[in-house]
$ cat final_2.txt   # compact mmCIF, C-alpha atoms and all ligand atoms
# COMPACT_ATOMS: atom_id res chain seq x y z
CA MET A 1 127.23 62.57 128.67
CA THR A 2 128.05 61.04 132.02
CA ALA A 3 126.69 64.04 133.91
CA GLN A 4 123.20 63.27 132.60
CA LYS A 5 123.09 59.73 133.89
CA PRO A 6 121.20 58.95 137.10
CA ARG A 7 123.56 58.46 140.02
CA ILE A 8 124.43 55.63 142.37
CA LEU A 9 126.23 55.88 145.69
CA THR A 10 127.22 52.95 147.81
CA GLY A 11 130.19 51.83 149.82
CA ASP A 12 131.90 49.59 152.32
CA THR A 13 133.57 50.07 155.65
CA PRO A 14 137.16 48.84 155.32
CA THR A 15 137.24 45.98 157.81
CA GLY A 16 138.98 43.25 155.84
CA ARG A 17 138.77 41.39 152.59
CA LEU A 18 135.50 41.04 150.75
CA HIS A 19 133.76 37.66 150.70
CA LEU A 20 131.12 35.92 148.61
CA GLY A 21 128.31 37.43 150.70
CA HIS A 22 129.44 40.91 149.63
CA TRP A 23 129.63 39.78 146.02
CA VAL A 24 126.07 38.40 145.72
CA GLY A 25 124.61 40.99 148.09
CA SER A 26 125.95 44.15 146.48
CA VAL A 27 129.26 44.18 144.60
CA GLU A 28 127.94 42.19 141.63
CA ASN A 29 125.19 44.82 141.25
CA ARG A 30 127.68 47.66 141.33
CA VAL A 31 129.78 46.15 138.58
CA ALA A 32 126.69 45.57 136.44
CA LEU A 33 125.33 49.10 136.88
CA GLN A 34 128.52 50.99 135.98
CA ASP A 35 127.48 51.84 132.42
CA GLU A 36 123.89 52.83 133.08
CA TYR A 37 124.63 55.02 136.09
CA ASP A 38 127.11 57.61 137.18
CA CYS A 39 128.62 55.62 140.05
CA TYR A 40 130.24 56.74 143.29
CA PHE A 41 131.75 54.00 145.45
CA LEU A 42 132.67 55.16 148.92
CA ILE A 43 135.33 53.73 151.22
CA ALA A 44 133.91 54.52 154.65
CA ASN A 45 137.28 54.78 156.38
CA MET A 46 136.03 57.28 158.96
CA HIS A 47 133.40 54.74 160.01
CA ALA A 48 136.17 52.22 160.65
CA PHE A 49 137.41 54.58 163.38
CA THR A 50 134.09 54.34 165.26
CA THR A 51 135.12 50.98 166.69
CA ARG A 52 138.88 50.87 165.95
CA ALA A 53 140.15 54.37 166.65
CA ASP A 54 143.31 52.88 168.17
CA LYS A 55 144.22 50.99 164.99
CA PRO A 56 144.99 53.56 162.28
CA GLY A 57 147.57 51.31 160.61
CA GLU A 58 145.09 48.48 160.22
CA ILE A 59 142.46 50.85 158.86
CA ARG A 60 144.87 52.20 156.28
CA GLU A 61 145.76 48.69 155.20
CA SER A 62 142.10 47.64 154.97
CA THR A 63 141.41 50.75 152.92
CA ILE A 64 143.98 49.71 150.32
CA GLU A 65 142.76 46.10 150.41
CA ILE A 66 139.15 46.99 149.79
CA VAL A 67 140.02 49.05 146.74
CA LYS A 68 142.06 46.09 145.45
CA ASP A 69 139.00 43.89 145.93
CA TRP A 70 136.76 46.36 144.11
CA LEU A 71 139.06 46.65 141.12
CA ALA A 72 139.52 42.89 141.10
CA CYS A 73 135.74 42.47 140.99
CA GLY A 74 135.52 44.67 137.92
CA ILE A 75 134.83 48.11 139.30
CA ASP A 76 136.45 50.36 136.74
CA PRO A 77 137.88 53.63 138.06
CA GLU A 78 137.65 55.11 134.57
CA ARG A 79 133.87 54.78 134.64
CA ALA A 80 133.14 55.02 138.38
CA SER A 81 134.52 57.27 141.11
CA VAL A 82 136.21 55.60 144.06
CA VAL A 83 135.59 58.03 146.93
CA LEU A 84 137.64 58.16 150.12
CA GLN A 85 135.29 59.44 152.83
CA SER A 86 137.96 61.17 154.93
CA GLU A 87 138.89 63.48 152.04
CA ILE A 88 135.39 64.75 151.35
CA PRO A 89 134.81 67.48 153.94
CA ALA A 90 131.30 68.15 152.63
CA ILE A 91 130.26 64.80 154.14
CA VAL A 92 131.33 65.90 157.61
CA GLU A 93 129.67 69.28 157.31
CA LEU A 94 126.38 67.84 156.10
CA SER A 95 126.46 65.22 158.87
CA TRP A 96 126.44 68.01 161.44
CA TYR A 97 123.39 69.69 159.91
CA PHE A 98 121.59 66.39 159.34
CA ALA A 99 122.12 65.45 162.99
CA MET A 100 119.66 68.22 163.83
CA LEU A 101 116.98 66.79 161.58
CA ILE A 102 116.61 63.42 163.24
CA PRO A 103 115.64 62.68 166.86
CA PHE A 104 118.38 61.13 168.99
CA ASN A 105 116.07 58.27 169.99
CA ARG A 106 115.26 57.54 166.37
CA VAL A 107 118.97 56.99 165.69
CA MET A 108 119.33 54.74 168.71
CA ARG A 109 116.39 52.62 167.57
CA ASN A 110 118.05 51.94 164.21
CA PRO A 111 118.01 48.10 164.06
CA THR A 112 121.34 47.88 162.18
CA LEU A 113 123.09 49.79 164.97
CA LYS A 114 121.46 47.58 167.59
CA THR A 115 122.54 44.40 165.79
CA GLU A 116 126.09 45.70 165.48
CA ILE A 117 126.30 46.64 169.15
CA GLU A 118 125.31 43.08 169.96
CA ALA A 119 127.41 41.30 167.34
CA LYS A 120 130.57 43.25 168.23
CA GLY A 121 129.91 42.96 171.96
CA LEU A 122 130.10 46.74 172.40
CA GLY A 123 127.74 46.72 175.40
CA ASP A 124 127.32 50.30 176.57
CA HIS A 125 130.98 51.12 176.01
CA TYR A 126 130.75 52.27 172.42
CA SER A 127 132.09 55.67 171.49
CA PHE A 128 129.89 58.71 170.94
CA GLY A 129 130.98 58.50 167.31
CA PHE A 130 129.60 55.01 166.89
CA PRO A 131 125.87 55.88 166.66
CA LEU A 132 126.85 59.13 164.94
CA TYR A 133 128.07 57.11 161.97
CA ALA A 134 124.44 56.34 161.06
CA VAL A 135 123.82 60.08 160.60
CA GLY A 136 127.13 60.30 158.75
CA GLN A 137 125.93 57.59 156.40
CA CYS A 138 122.94 59.77 155.46
CA ALA A 139 125.46 62.44 154.42
CA ASP A 140 127.66 59.92 152.55
CA ILE A 141 124.67 59.14 150.42
CA LEU A 142 122.92 62.47 150.06
CA VAL A 143 126.04 64.47 149.22
CA PHE A 144 125.94 62.70 145.84
CA ARG A 145 122.15 63.12 145.45
CA PRO A 146 121.78 59.59 144.08
CA GLU A 147 118.64 57.80 142.97
CA LEU A 148 119.83 54.36 143.92
CA VAL A 149 121.88 52.81 146.70
CA PRO A 150 122.89 49.18 145.97
CA VAL A 151 123.43 47.53 149.38
CA GLY A 152 123.18 44.29 151.27
CA GLU A 153 120.01 43.64 153.24
CA ASP A 154 121.68 44.66 156.53
CA GLN A 155 122.01 48.25 155.29
CA VAL A 156 118.36 48.84 154.43
CA ALA A 157 117.62 50.40 157.84
CA HIS A 158 120.30 53.03 157.15
CA ILE A 159 118.78 53.84 153.78
CA GLU A 160 115.39 54.24 155.45
CA MET A 161 116.90 56.78 157.85
CA THR A 162 118.54 58.55 154.91
CA ARG A 163 115.17 58.83 153.20
CA GLU A 164 113.69 60.38 156.35
CA VAL A 165 116.49 62.92 156.59
CA ALA A 166 116.16 63.81 152.89
CA ARG A 167 112.39 64.38 153.21
CA ARG A 168 112.87 66.46 156.31
CA PHE A 169 115.61 68.65 154.80
CA ASN A 170 113.48 69.27 151.73
CA GLN A 171 110.46 70.15 153.86
CA VAL A 172 112.28 72.38 156.34
CA TYR A 173 114.71 74.21 154.07
CA CYS A 174 113.23 73.93 150.58
CA ASP A 175 109.57 74.40 151.51
CA VAL A 176 108.45 71.11 150.01
CA ASP A 177 104.96 70.07 151.09
CA PRO A 178 105.14 67.03 153.45
CA GLN A 179 102.37 65.36 151.43
CA THR A 180 104.65 65.14 148.38
CA GLU A 181 105.25 61.66 146.94
CA ASP A 182 108.85 60.43 147.33
CA ALA A 183 109.42 60.43 143.59
CA ASP A 184 108.36 64.07 143.27
CA TYR A 185 110.54 65.79 145.87
CA VAL A 186 113.06 67.22 143.43
CA ASN A 187 110.40 68.46 141.03
CA ALA A 188 108.68 70.09 143.99
CA GLY A 189 111.83 72.15 144.64
CA GLY A 190 113.65 69.82 147.04
CA LEU A 191 117.45 69.59 146.92
CA PHE A 192 117.63 65.89 147.71
CA PRO A 193 116.01 63.01 145.81
CA ILE A 194 114.61 60.31 148.13
CA PRO A 195 117.03 57.49 147.28
CA ALA A 196 115.96 53.85 147.03
CA ALA A 197 117.89 50.84 148.32
CA LYS A 198 118.59 48.09 145.82
CA VAL A 199 119.38 44.75 147.43
CA GLY A 200 121.34 42.15 145.42
CA ARG A 201 119.93 38.90 144.03
CA ILE A 202 120.81 37.00 147.20
CA ALA A 203 119.85 39.14 150.17
CA ARG A 204 121.38 36.88 152.76
CA LEU A 205 123.97 34.27 151.90
CA PRO A 206 124.47 31.79 154.74
CA GLY A 207 128.03 31.19 155.87
CA THR A 208 129.77 27.83 155.67
CA ASP A 209 128.42 26.99 159.14
CA GLY A 210 125.08 26.66 157.35
CA VAL A 211 123.38 28.79 160.01
CA ASN A 212 124.53 32.40 160.30
CA LYS A 213 124.86 35.05 157.64
CA MET A 214 128.28 34.97 155.97
CA SER A 215 130.57 37.21 157.98
CA LYS A 216 134.30 37.45 158.40
CA SER A 217 134.03 37.88 162.16
CA LEU A 218 132.00 34.67 162.47
CA ASN A 219 134.70 32.73 160.63
CA ASN A 220 132.22 31.27 158.17
CA ALA A 221 133.22 33.26 155.10
CA ILE A 222 134.63 32.30 151.72
CA SER A 223 136.92 35.16 150.78
CA LEU A 224 137.23 36.38 147.20
CA THR A 225 140.92 35.55 147.46
CA ASP A 226 140.46 31.90 148.56
CA SER A 227 142.21 29.33 146.36
CA PRO A 228 140.24 26.46 144.75
CA LYS A 229 141.59 24.19 147.48
CA GLN A 230 140.40 26.49 150.26
CA VAL A 231 137.01 26.88 148.57
CA LYS A 232 136.62 23.11 148.33
CA LYS A 233 137.48 22.70 151.98
CA LYS A 234 135.10 25.42 153.14
CA VAL A 235 132.20 24.28 150.95
CA GLY A 236 132.83 20.80 152.33
CA GLN A 237 132.04 22.14 155.80
CA ILE A 238 128.54 23.41 154.94
CA TYR A 239 126.30 21.60 157.38
CA THR A 240 123.00 20.20 156.09
CA GLY A 241 122.05 17.63 158.75
CA ARG A 242 121.21 15.07 156.04
CA GLN A 243 121.96 11.46 157.01
CA SER A 244 122.08 9.43 153.81
CA MET A 245 121.86 9.94 150.09
CA ASP A 246 118.69 7.92 149.62
CA GLU A 247 116.90 10.13 152.09
CA PRO A 248 114.81 12.92 150.46
CA GLY A 249 116.91 16.09 150.86
CA ASP A 250 115.67 19.54 151.73
CA ILE A 251 116.41 21.91 148.85
CA THR A 252 115.84 24.96 151.03
CA ASN A 253 118.95 24.07 153.06
CA SER A 254 122.03 26.25 152.94
CA LEU A 255 123.86 24.00 150.50
CA PHE A 256 121.09 24.52 147.95
CA GLN A 257 121.16 28.24 148.52
CA TYR A 258 124.74 27.99 147.28
CA VAL A 259 123.61 25.80 144.36
CA ARG A 260 121.18 28.51 143.23
CA ALA A 261 123.58 31.36 143.97
CA PHE A 262 126.62 30.02 142.11
CA ILE A 263 125.75 27.33 139.56
CA LYS A 264 125.04 29.18 136.35
CA ASP A 265 123.21 26.56 134.30
CA GLU A 266 119.49 26.73 135.22
CA GLY A 267 118.91 23.25 133.78
CA ARG A 268 121.61 21.78 136.00
CA ILE A 269 120.15 23.50 139.06
CA LYS A 270 116.77 21.88 138.32
CA GLU A 271 118.35 18.44 137.86
CA LEU A 272 120.20 18.72 141.16
CA GLU A 273 117.10 19.94 142.97
CA ASP A 274 114.98 17.09 141.56
CA ALA A 275 117.46 14.36 142.33
CA TYR A 276 118.28 15.70 145.81
CA SER A 277 114.68 16.15 146.89
CA LYS A 278 113.81 12.61 145.76
CA GLY A 279 116.79 11.09 147.56
CA ASP A 280 117.94 9.79 144.21
CA ASN A 281 121.33 8.55 145.24
CA ILE A 282 122.86 12.00 145.23
CA GLY A 283 124.90 12.87 148.27
CA ASP A 284 125.89 16.22 149.77
CA GLY A 285 129.48 15.50 148.78
CA HIS A 286 128.59 15.36 145.11
CA VAL A 287 126.64 18.61 145.22
CA LYS A 288 129.46 20.27 147.15
CA VAL A 289 132.03 19.39 144.49
CA GLU A 290 129.89 21.10 141.84
CA VAL A 291 129.25 24.14 144.04
CA ALA A 292 132.95 24.51 144.84
CA SER A 293 133.97 24.38 141.21
CA ALA A 294 131.29 26.94 140.25
CA ILE A 295 132.61 29.27 142.96
CA SER A 296 136.22 28.86 141.89
CA GLU A 297 135.21 29.57 138.29
CA LEU A 298 133.61 32.82 139.46
CA LEU A 299 136.68 33.74 141.52
CA ALA A 300 139.35 32.92 138.92
CA PRO A 301 139.08 36.14 136.87
CA ILE A 302 138.70 38.18 140.07
CA GLN A 303 141.93 36.73 141.44
CA GLU A 304 143.66 37.19 138.12
CA ARG A 305 142.84 40.90 138.10
CA ARG A 306 143.86 41.20 141.75
CA ALA A 307 147.33 39.76 141.06
CA ARG A 308 148.34 43.00 139.33
CA TYR A 309 147.80 44.94 142.54
CA GLU A 310 149.47 42.35 144.72
CA ALA A 311 152.70 42.66 142.74
CA PRO A 312 155.33 45.20 143.87
CA GLY A 313 154.10 48.75 143.26
CA GLY A 314 150.48 47.60 143.61
CA ASP A 315 149.76 49.71 146.67
CA GLU A 316 151.04 52.81 144.88
CA LEU A 317 148.67 52.14 141.98
CA ILE A 318 145.79 51.94 144.47
CA VAL A 319 146.78 55.20 146.17
CA GLU A 320 146.75 56.82 142.72
CA VAL A 321 143.22 55.50 142.07
CA ILE A 322 142.14 56.93 145.43
CA ARG A 323 143.64 60.34 144.63
CA GLU A 324 141.95 60.47 141.23
CA GLY A 325 138.65 59.43 142.81
CA ILE A 326 138.82 62.26 145.35
CA LYS A 327 139.34 64.75 142.54
CA LYS A 328 136.44 63.34 140.54
CA ALA A 329 134.03 63.29 143.48
CA THR A 330 134.84 66.67 145.00
CA PRO A 331 132.94 68.95 142.57
CA MET A 332 129.67 67.07 143.10
CA ALA A 333 130.10 67.00 146.89
CA GLU A 334 130.99 70.69 147.07
CA GLU A 335 128.10 71.64 144.82
CA THR A 336 125.62 69.79 147.05
CA LEU A 337 127.09 71.41 150.16
CA GLU A 338 126.84 74.87 148.64
CA LEU A 339 123.22 74.30 147.62
CA ALA A 340 122.37 72.88 151.05
CA LYS A 341 124.00 75.80 152.85
CA SER A 342 122.22 78.33 150.73
CA ALA A 343 118.88 76.58 151.40
CA MET A 344 119.79 76.94 155.09
CA LYS A 345 120.56 80.65 154.67
CA LEU A 346 124.25 80.01 155.28
CA ASP A 347 125.37 81.53 152.00
CA PHE A 348 127.79 84.07 153.46
CA ALA A 349 130.82 83.21 151.40
CA ARG A 350 131.94 80.91 148.61
CA ARG A 351 134.99 78.70 148.60
CA SER A 352 136.66 76.03 146.53
CA ILE A 353 138.93 73.11 147.23
CA SER A 354 142.23 72.84 145.43
CA PHE A 355 144.57 69.90 145.19
CA THR A 356 148.32 69.91 145.46
N1 LIG B 401 127.73 51.03 156.66
C1 LIG B 401 128.19 50.37 155.45
C2 LIG B 401 128.78 49.02 155.81
O1 LIG B 401 129.17 48.81 156.94
C3 LIG B 401 129.21 51.19 154.70
C4 LIG B 401 128.70 52.51 154.22
C5 LIG B 401 129.10 53.74 154.68
C6 LIG B 401 127.75 52.73 153.20
N2 LIG B 401 128.46 54.71 154.02
C7 LIG B 401 127.62 54.16 153.11
C8 LIG B 401 126.98 51.90 152.39
C9 LIG B 401 126.72 54.73 152.22
C10 LIG B 401 126.09 52.49 151.50
C11 LIG B 401 125.96 53.88 151.42
O2 LIG B 401 128.93 48.19 154.96

$ encode --input "final_2.txt" --output "structure tokens"
Amino acid sequence: MTAQKPRILTGDTPTGRLHLGHWVGSVENRVALQDEYDCYFLIANMHAFTTRADKPGEIRESTIEIVKDWLACGIDPERASVVLQSEIPAIVELSWYFAMLIPFNRVMRNPTLKTEIEAKGLGDHYSFGFPLYAVGQCADILVFRPELVPVGEDQVAHIEMTREVARRFNQVYCDVDPQTEDADYVNAGGLFPIPAAKVGRIARLPGTDGVNKMSKSLNNAISLTDSPKQVKKKVGQIYTGRQSMDEPGDITNSLFQYVRAFIKDEGRIKELEDAYSKGDNIGDGHVKVEVASAISELLAPIQERRARYEAPGGDELIVEVIREGIKKATPMAEETLELAKSAMKLDFARRSISFT
């Protein structure tokens, strides 16, 4: 019975197409965990408005694109629920209550927010809603009362804040003793489990500049939709600083992070590492050709699945998946909200959501 499985919630802000960093950091995990867990995958479209409120058309397009990427990667809407944030009102309501459980300065010290403010050059001109999204993210997660949140390393600070909010809610409104171990909160009468972050096998994949983390905005990303030719070209750009192929190479460089991330055969990885570190007549170019073909092999089935949604009528199929996902996710979200409100002595009336 699916209802008995432990739950997962995770998601992405629709900002553009997914790249290899997303795959190794989180998406691969999601696909693998679909059978063991009851999965909720959230499209954080409201969060996209925190920095692009003037671009609703772009946000809508990115929303459709990200669902195409998910399905292409192997997320199966029959087994998992694809959840559109803007259609789950319980998230917004919980965000408001959660905002009272966390000090303003604690939110502003969140290192992920600080990094984003810097990376996006927001200065002190960001909207009020921008830092609010971090509180909203606590609600995104907790409304599904999950055990696990598979995310990239950059999101761990948000999960830490979510854990703080969950403990606090349970202590304040469910009378759970603050000394309780994280794993015992629900047994002690708490509404919310204290969810754990699960970071993918490669926490930080460098971009093709060989320096920064892979990121679309830094123009160093290999997209999941890149053709073999584009992949070859981009992998060819990975900078290692190595001068000649008889010089002992450094197997901690970014090229070798790609070798370990994408070449499947462990024996071959060892051979390449041995030869490269000895300076055994093996050049960067040779290694890059093997890396590029391993990446294209990984991407081929993803692109094949994506083709179905790129054909005419593809967007309509995606909208249908989104509608079904909203219906599947709503009962859980509404149940959590009702339980939270009754813990807060706000149980004046009951309501239900209906779909037309
Ligand atoms: N902040 C995440 C990102 O930018 C997206 C996100 C929103 C999310 N809500 C979430 C991730 C809840 C995990 C859980 O990628």

$ residues_near_ligand --input "final_2.txt" --ligand "ligand LIG 401 (chain B)" --cutoff "8 Å" --atoms "all atoms listed in the file" --output "list in words"
Leu9, Thr10, Gly11, Asp12, Thr13, Leu42, Ile43, Ala44, His47, Ala134, Gly136, Gln137, Cys138, Asp140, Ile141, Val149, Pro150, Val151, Gly152, Gln155, His158 and Ile159 of chain A

$ residues_around --input "final_2.txt" --residues "stretch 327-336 of chain A" --least-positions-apart "5" --cutoff "7 Å" --atoms "only C-alpha atoms" --output "MDAnalysis selection string"
chainID A and resid 81 83 88 90 143:144

$ write_last_selection --input "final_2.txt" --atoms "C-alpha atoms" --output "compact mmCIF listing (two decimals), in the frame of the given file"
# COMPACT_ATOMS: atom_id res chain seq x y z
CA SER A 81 134.52 57.27 141.11
CA VAL A 83 135.59 58.03 146.93
CA ILE A 88 135.39 64.75 151.35
CA ALA A 90 131.30 68.15 152.63
CA VAL A 143 126.04 64.47 149.22
CA PHE A 144 125.94 62.70 145.84

$ residues_around --input "final_2.txt" --residues "A:Ala99" --least-positions-apart "6" --cutoff "9 Å" --atoms "only C-alpha atoms" --output "JSON, numbers by chain"
{"A": [132, 135, 136, 165]}

$ closest_residue --input "final_2.txt" --among "A:Asn253, A:Leu142, A:Phe355, A:Leu33" --to "A:Leu94" --atoms "only C-alpha atoms"
A:Leu142

$ atom_distance --input "final_2.txt" --atom1 "atom CA of A:Glu160" --atom2 "atom CA of A:Pro193"
13.0 Å

$ residues_around --input "final_2.txt" --residues "A:Gly207" --least-positions-apart "4" --cutoff "10 Å" --atoms "only C-alpha atoms" --output "short mmCIF file (atom, residue, chain, number, x, y, z; two decimals) with C-alpha atoms, in the frame of the given file"
data_model
loop_
_atom_site.label_atom_id
_atom_site.label_comp_id
_atom_site.auth_asym_id
_atom_site.auth_seq_id
_atom_site.Cartn_x
_atom_site.Cartn_y
_atom_site.Cartn_z
CA LEU A 20 131.12 35.92 148.61
CA GLY A 21 128.31 37.43 150.70
CA VAL A 211 123.38 28.79 160.01
CA ASN A 212 124.53 32.40 160.30
CA LYS A 213 124.86 35.05 157.64
CA MET A 214 128.28 34.97 155.97
CA SER A 215 130.57 37.21 157.98
CA LYS A 216 134.30 37.45 158.40
CA LEU A 218 132.00 34.67 162.47
CA ASN A 219 134.70 32.73 160.63
CA ASN A 220 132.22 31.27 158.17
CA ALA A 221 133.22 33.26 155.10
CA ILE A 222 134.63 32.30 151.72
CA LYS A 234 135.10 25.42 153.14
CA VAL A 235 132.20 24.28 150.95
CA GLN A 237 132.04 22.14 155.80
CA ILE A 238 128.54 23.41 154.94
CA TYR A 239 126.30 21.60 157.38
CA SER A 254 122.03 26.25 152.94
CA LEU A 255 123.86 24.00 150.50
CA TYR A 258 124.74 27.99 147.28
#

$ closest_residue --input "final_2.txt" --among "A:Met161, A:Val67, A:Ala203, A:Leu272" --to "A:Met108" --atoms "only C-alpha atoms"
A:Met161

$ atom_distance --input "final_2.txt" --atom1 "atom CA of A:Gly313" --atom2 "atom CA of A:Ile59"
19.6 Å

$ closest_residue --input "final_2.txt" --among "A:Ile102, A:Ile91, A:Met344, A:Val319" --to "A:Ala139" --atoms "all atoms listed in the file"
A:Ile91

$ residues_around --input "final_2.txt" --residues "A:Ile194" --least-positions-apart "2" --cutoff "10 Å" --atoms "only C-alpha atoms" --output "CSV table (one decimal) with C-alpha atoms, in the frame of the given file"
chain,number,residue,atom,x,y,z
A,142,LEU,CA,122.9,62.5,150.1
A,145,ARG,CA,122.2,63.1,145.4
A,146,PRO,CA,121.8,59.6,144.1
A,147,GLU,CA,118.6,57.8,143.0
A,148,LEU,CA,119.8,54.4,143.9
A,159,ILE,CA,118.8,53.8,153.8
A,160,GLU,CA,115.4,54.2,155.4
A,162,THR,CA,118.5,58.6,154.9
A,163,ARG,CA,115.2,58.8,153.2
A,164,GLU,CA,113.7,60.4,156.4
A,165,VAL,CA,116.5,62.9,156.6
A,166,ALA,CA,116.2,63.8,152.9
A,167,ARG,CA,112.4,64.4,153.2
A,170,ASN,CA,113.5,69.3,151.7
A,181,GLU,CA,105.2,61.7,146.9
A,182,ASP,CA,108.8,60.4,147.3
A,183,ALA,CA,109.4,60.4,143.6
A,184,ASP,CA,108.4,64.1,143.3
A,185,TYR,CA,110.5,65.8,145.9
A,186,VAL,CA,113.1,67.2,143.4
A,190,GLY,CA,113.6,69.8,147.0
A,191,LEU,CA,117.4,69.6,146.9
A,192,PHE,CA,117.6,65.9,147.7
A,196,ALA,CA,116.0,53.8,147.0

$ atom_distance --input "final_2.txt" --atom1 "atom CA of A:Ala80" --atom2 "atom CA of A:Ala197"
18.7 Å

$ closest_residue --input "final_2.txt" --among "A:Ile251, A:Val27, A:Leu205, A:Ala157" --to "A:Arg106" --atoms "all atoms listed in the file"
A:Ala157

$ closest_residue --input "final_2.txt" --among "A:Ala340, A:Val259, A:Ala32, A:Ala292" --to "A:Arg79" --atoms "all atoms listed in the file"
A:Ala32

$ axis_aligned_box --input "final_2.txt" --around "stretch 171-184 of chain A" --padding-each-side "8 Å" --output "AutoDock Vina command-line options"
--center_x 108.5 --center_y 67.4 --center_z 149.8 --size_x 28.3 --size_y 30.0 --size_z 29.1
